[in-house]
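Reading through the structure tokens given below for one structure.
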Amino acid sequence: MKKSAAQESEEHPRMFLVPCSCGTSFAIAEDFDRQGTHIRSFIPCPNCGKRHDPKNRVLRLGYSRDRFWKVDGC
């Protein structure tokens, strides 16, 4: 029986990263997109302070069965 995407994601950990132009990538919560897109929801880079809209910049990483992280989507 083939597993659904929801079941697959429950079994394997996922990570949500925002890359910054300064070279830093930082993690955000999975429910980041349930907040509105106003200036307060823009996330500052912990290194340089540049503000990012997570809806446009997030990388979704999933842990593969082959034991490495891979990009699930952007």
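Each chain of the structure tokens is named A, B, ... in the order shown, its residues numbered from 1; ligands are numbered from 1 in display order.
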| request: Find the spatial neighbours of Arg60 of chain A, counting only C-alpha atoms, within a cut-off of 10 Å - ignore same-chain residues fewer than 4 positions away - and output them as a list of chain:residue names. | output: A:Arg14, A:Met15, A:Phe16, A:Leu17, A:Val18, A:Glu30, A:Trp69, A:Lys70, A:Val71, A:Asp72, A:Gly73, A:Cys74
Residues within 8 Å of Cys48 of chain A, only C-alpha atoms, excluding chain neighbours under 3 positions, as a compact mmCIF listing (two decimals) with N, CA, C and O atoms, in the first residue's frame:
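Saved result, selection17.txt, follows:
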```txt
# COMPACT_ATOMS: atom_id res chain seq x y z
N CYS A 22 23.79 37.14 2.99
CA CYS A 22 25.04 37.24 3.74
C CYS A 22 25.70 35.88 3.92
O CYS A 22 26.81 35.78 4.44
N PRO A 44 13.90 38.71 10.51
CA PRO A 44 15.25 39.26 10.35
C PRO A 44 16.32 38.17 10.41
O PRO A 44 16.21 37.22 11.18
N CYS A 45 17.34 38.31 9.59
CA CYS A 45 18.49 37.41 9.62
C CYS A 45 19.22 37.62 10.94
O CYS A 45 19.47 38.76 11.33
```
| said: When you look at Arg51 of chain A with a cut-off of 12 Å (counting only C-alpha atoms), what residues show up, excluding the ones that are within fewer than 4 positions of it in the same chain? I need them as a list of chain:residue names. | reply: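 After dropping sequence-adjacent residues, the list is A:Val18, A:Pro19, A:Cys20, A:Ser21, A:Cys22, A:His38, A:Ile39, A:Arg40, A:Ser41, A:Phe42, A:Ile43, A:Pro44, A:Cys45, A:Pro46, A:Asn47, A:Asn56, A:Arg57.
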| note | Pairwise distance, atom CA of Tyr63 of chain A with atom CA of Ser25 of chain A, equals 17.5 Å
| query | What separation in Å, quoted to one decimal, exists between atom CA of Pro54 of chain A and atom CA of Ala29 of chain A? | reply | 10.2 Å
| query | Hey, can you check how far atom CA of Gly62 of chain A sits from atom CA of Ala27 of chain A? | reply | 13.2 Å
